[in-house]
Structure formats: structure tokens, C-alpha cells
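Enquirer: First the structure, which I've put down as C-alpha cells, then a few questions once you've had a look.
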Amino acid sequence: MSMCYGMELTYKLATKQLIFIINPCHVMCLLQLTVLCLNPFTSVAQHLFRIMLNGMFFPLCACIFPVTNSLFLPGEVFTFWLEHILLLVIPLFLLYENQLKPEPLSDFSYALSLYGYYYIYNLIIIQPITLFTKANVNNLLCPAITDPFAGPDYRLHTLWHQLVAAYIGGKLFALIGKAMATLTPFDQDIKSD
């Protein structure tokens, strides 16, 4: 993941588009790298992991509605796909490892927390930078070419579909985590030896 993030950073520098490194998927990469570096038994790691699980709709949406028309350098499209696939696969591995736990299925607090963090990040950090630079970071100035809600009110639609996506994505990964916990996790392999 760190090599993939480094490649993304290199491409952004090479194309003079460094501003796009503040897109949510790139921030999710940093969050995932942070979780991977922390002791999994700490409450901070558990909290960040649960927030991260509810943000899995970012890379999932990027895979379903890819915007690769502005990627021209050799390997840039490959790095786009690699980053988003790693963002989806690494949490599955962490769930299988069974040290970091998803929130209970009845818990809505992490989906709401991610939703709040996401909109605070959009309104306080990304929007002023986008308005100042006129760069369409996180599609705040105009919808992406693959946006299913494209139209004059596409930003209003994000208010509901991002919350629904956070909730469904978080619960989907929590269900996958519960199913993976029934498989033979690494710690049970060690105990049986």
C-alpha cells in the first residue's frame, strides 16, 4: 500500500496535479497505512479500523464509476486500479486475521462518524482549496463523467447517498468480518500447533 501511495504521489507530482492527493481515496490510503502500523489491540486502532470500514464505499464507488480519462502516463491507470483494489482487499485480510473487529451490526455510530468527518473534510479543507484553485477535487465543482446523479443538484444528492453508502458499506464489511471470523483465523492456527 505504501508503494502504491508513493506511485500515486509521484504521478501527481509529475503531472503537476498534486492537489488531487487530497481526494478521499488517497486520504483513505493514509488511514489504512496508519491502521496497518498501529498495534491492533489498542482502542485507537480499533476505532480507526471501524471508521475505515465505513469508508470502504469510497474505493468501491471508484471501482464501479471509474474516472480514468485524465490519466495519461504509462502505468497511471494500473496504479489507479491497484490502489482501489488494495483499499478493498486489505480490510478483508485484517478481518480474516481477526485482531481488528468490526462494529456490531446494530451500531450506527461509526457510519455517522465517518459521514460527519467526510463532510467536515469536504467543507473545511477540500471546498476552499477547490474554489481557490478551480481544480475539481472530489468533484465539488462539477460531477464526474461517470456520476449517476449528474445534474444541477448532484451535490444535494451526495447528502443522502453518501450516508446510505457509508452505512451499507460498513455493514457489508461487518457481515464479511463475521463470516470470516468463522473461518480458521491465524491465531487459531497457532493455538492448534
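Chain lettering (A, B, ...) mirrors the order of the C-alpha cells, residue numbering begins at 1 for each chain separately, and ligand numbering begins at 1 in order of display.
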Enumerate the residues of stretch 10-173 of chain A with a DSSP assignment of helix (DSSP H, G or I), computed from the backbone, and present them as a ChimeraX atom specification.
Expert: /A:10-14,18-22,24-37,43-54,57-64,76-97,109-133,137-139,154-173
Enquirer: Name the residues in contact with stretch 134-147 of chain A at a cut-off of 10 Å, using only C-alpha atoms, excluding same-chain residues fewer than 5 positions from it; report them as a list in words.
Expert: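 After dropping sequence-adjacent residues, the list is Gln17, Ile19, Phe20, Ile21, Ile22, Asn23, Pro24, Cys25, Cys61, Ala62, Ile64, Phe65, Pro66, Val67, Thr68, Asn69, Asn122, Leu123, Ile126, Gln127, Pro128, Ile129, Pro152, Asp153, Tyr154 and Arg155 of chain A.
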Enquirer: Please measure the separation of atom CA of A:Thr133 and atom CA of A:Tyr11, giving the value in Å to one decimal.
Expert: 19.0 Å
Enquirer: Identify which of the residues A:Ala179, A:Leu156, A:Lys12, A:Pro102 lies closest to A:Ser70, counting only C-alpha atoms when measuring atom-to-atom distances.
Expert: A:Lys12
Enquirer: Which residues are close to stretch 77-91 of chain A, i.e. within 7 Å by only C-alpha atoms, leaving aside same-chain residues fewer than 5 positions away? Reply as a list in words.
Expert: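 The contact residues come out as Met1, Cys4, Glu8, Cys29, Met56, Pro59, Cys63, Thr68 and Leu71 of chain A.
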Enquirer: Considering only C-alpha atoms, return as a list in words whatever protein or nucleic-acid residues lie within 9 Å of A:Phe41, sequence-local ones (same chain, fewer than 4 positions apart) excluded.
Expert: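 Result of the neighbour search: Ala45, Gln46, Gln99 and Leu100 of chain A.
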Enquirer: Using N, CA, C and O atoms, can you export the residues from the last selection as a short mmCIF file (atom, residue, chain, number, x, y, z; two decimals), in the first residue's frame?
Expert:
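That gives us selection02.cif:
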data_model
loop_
_atom_site.label_atom_id
_atom_site.label_comp_id
_atom_site.auth_asym_id
_atom_site.auth_seq_id
_atom_site.Cartn_x
_atom_site.Cartn_y
_atom_site.Cartn_z
N ALA A 45 -6.51 1.86 17.32
CA ALA A 45 -6.51 1.04 16.10
C ALA A 45 -7.90 0.50 15.83
O ALA A 45 -8.36 0.51 14.68
N GLN A 46 -8.59 0.04 16.87
CA GLN A 46 -9.95 -0.48 16.70
C GLN A 46 -10.89 0.61 16.17
O GLN A 46 -11.68 0.38 15.26
N GLN A 99 -7.92 -9.76 14.45
CA GLN A 99 -7.41 -8.97 15.56
C GLN A 99 -8.16 -7.64 15.66
O GLN A 99 -8.39 -7.15 16.75
N LEU A 100 -8.52 -7.09 14.53
CA LEU A 100 -9.34 -5.88 14.48
C LEU A 100 -10.78 -6.31 14.21
O LEU A 100 -11.03 -7.12 13.32
#
Enquirer: If we count only C-alpha atoms, what is near A:Glu103 at a cut-off of 10 Å, once residues fewer than 2 positions away on the same chain are taken out, given as a list of chain:residue names?
Expert: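 Answer for this query is A:Gln46, A:His47, A:Phe49, A:Arg50, A:Ile51, A:Leu53, A:Asn54, A:Leu100, A:Lys101, A:Leu105, A:Ser106, A:Asp107, A:Phe108, A:Ser109, A:Tyr110, A:Ala111, A:Gly170, A:Lys171, A:Phe173, A:Ala174, A:Leu175, A:Gly177.
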Enquirer: May I have the selected residues written with N, CA, C and O atoms, as a compact mmCIF listing (two decimals), in the first residue's frame?
Expert:
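Final file, result.txt:
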# COMPACT_ATOMS: atom_id res chain seq x y z
N GLN A 46 -8.59 0.04 16.87
CA GLN A 46 -9.95 -0.48 16.70
C GLN A 46 -10.89 0.61 16.17
O GLN A 46 -11.68 0.38 15.26
N HIS A 47 -10.80 1.80 16.75
CA HIS A 47 -11.67 2.91 16.35
C HIS A 47 -11.39 3.32 14.89
O HIS A 47 -12.33 3.46 14.09
N PHE A 49 -10.01 1.56 12.57
CA PHE A 49 -10.40 0.46 11.68
C PHE A 49 -11.90 0.49 11.40
O PHE A 49 -12.34 0.31 10.27
N ARG A 50 -12.68 0.73 12.42
CA ARG A 50 -14.14 0.78 12.23
C ARG A 50 -14.56 1.98 11.39
O ARG A 50 -15.47 1.88 10.56
N ILE A 51 -13.90 3.10 11.59
CA ILE A 51 -14.16 4.27 10.73
C ILE A 51 -13.78 3.92 9.29
O ILE A 51 -14.52 4.22 8.35
N LEU A 53 -13.68 0.97 7.84
CA LEU A 53 -14.63 0.04 7.24
C LEU A 53 -15.86 0.76 6.69
O LEU A 53 -16.39 0.39 5.65
N ASN A 54 -16.30 1.78 7.39
CA ASN A 54 -17.47 2.53 6.93
C ASN A 54 -17.13 3.45 5.76
O ASN A 54 -18.03 3.98 5.12
N LEU A 100 -8.52 -7.09 14.53
CA LEU A 100 -9.34 -5.88 14.48
C LEU A 100 -10.78 -6.31 14.21
O LEU A 100 -11.03 -7.12 13.32
N LYS A 101 -11.69 -5.80 14.98
CA LYS A 101 -13.09 -6.24 14.92
C LYS A 101 -13.98 -5.15 14.32
O LYS A 101 -13.81 -3.97 14.62
N LEU A 105 -23.51 -5.08 14.24
CA LEU A 105 -24.41 -4.73 13.15
C LEU A 105 -25.45 -3.69 13.56
O LEU A 105 -25.95 -2.94 12.73
N SER A 106 -25.78 -3.62 14.84
CA SER A 106 -26.79 -2.66 15.31
C SER A 106 -26.20 -1.28 15.62
O SER A 106 -26.94 -0.36 15.95
N ASP A 107 -24.89 -1.13 15.48
CA ASP A 107 -24.22 0.13 15.82
C ASP A 107 -24.16 1.03 14.59
O ASP A 107 -23.57 0.68 13.57
N PHE A 108 -24.78 2.20 14.66
CA PHE A 108 -24.77 3.17 13.56
C PHE A 108 -23.74 4.27 13.79
O PHE A 108 -23.54 5.11 12.93
N SER A 109 -23.11 4.29 14.94
CA SER A 109 -22.26 5.43 15.31
C SER A 109 -21.06 5.61 14.39
O SER A 109 -20.67 6.74 14.10
N TYR A 110 -20.46 4.53 13.91
CA TYR A 110 -19.28 4.67 13.07
C TYR A 110 -19.64 5.16 11.68
O TYR A 110 -18.90 5.95 11.08
N ALA A 111 -20.78 4.73 11.14
CA ALA A 111 -21.24 5.25 9.85
C ALA A 111 -21.53 6.74 9.97
O ALA A 111 -21.15 7.53 9.10
N GLY A 170 -20.27 -0.13 5.45
CA GLY A 170 -19.78 -0.54 6.77
C GLY A 170 -20.41 -1.83 7.25
O GLY A 170 -19.75 -2.71 7.79
N LYS A 171 -21.72 -1.97 7.05
CA LYS A 171 -22.41 -3.19 7.49
C LYS A 171 -22.04 -4.37 6.61
O LYS A 171 -21.96 -5.50 7.10
N PHE A 173 -19.12 -4.86 5.20
CA PHE A 173 -17.81 -5.31 5.68
C PHE A 173 -17.92 -5.94 7.07
O PHE A 173 -17.18 -6.86 7.38
N ALA A 174 -18.83 -5.46 7.90
CA ALA A 174 -19.04 -6.09 9.21
C ALA A 174 -19.57 -7.51 9.04
O ALA A 174 -19.14 -8.43 9.74
N LEU A 175 -20.50 -7.70 8.09
CA LEU A 175 -21.01 -9.05 7.81
C LEU A 175 -19.92 -9.96 7.27
O LEU A 175 -19.82 -11.13 7.64
N GLY A 177 -16.83 -9.59 7.91
CA GLY A 177 -15.98 -9.86 9.07
C GLY A 177 -16.52 -10.96 9.95
O GLY A 177 -15.78 -11.83 10.42
Enquirer: Leaving out A:Tyr115 and any residue of its chain fewer than 4 positions from it, which residues lie within 8 Å of it when counting only C-alpha atoms, given as a list of chain:residue names?
Expert: A:Ala111, A:Tyr119, A:Gln162, A:Leu163, A:Ala166
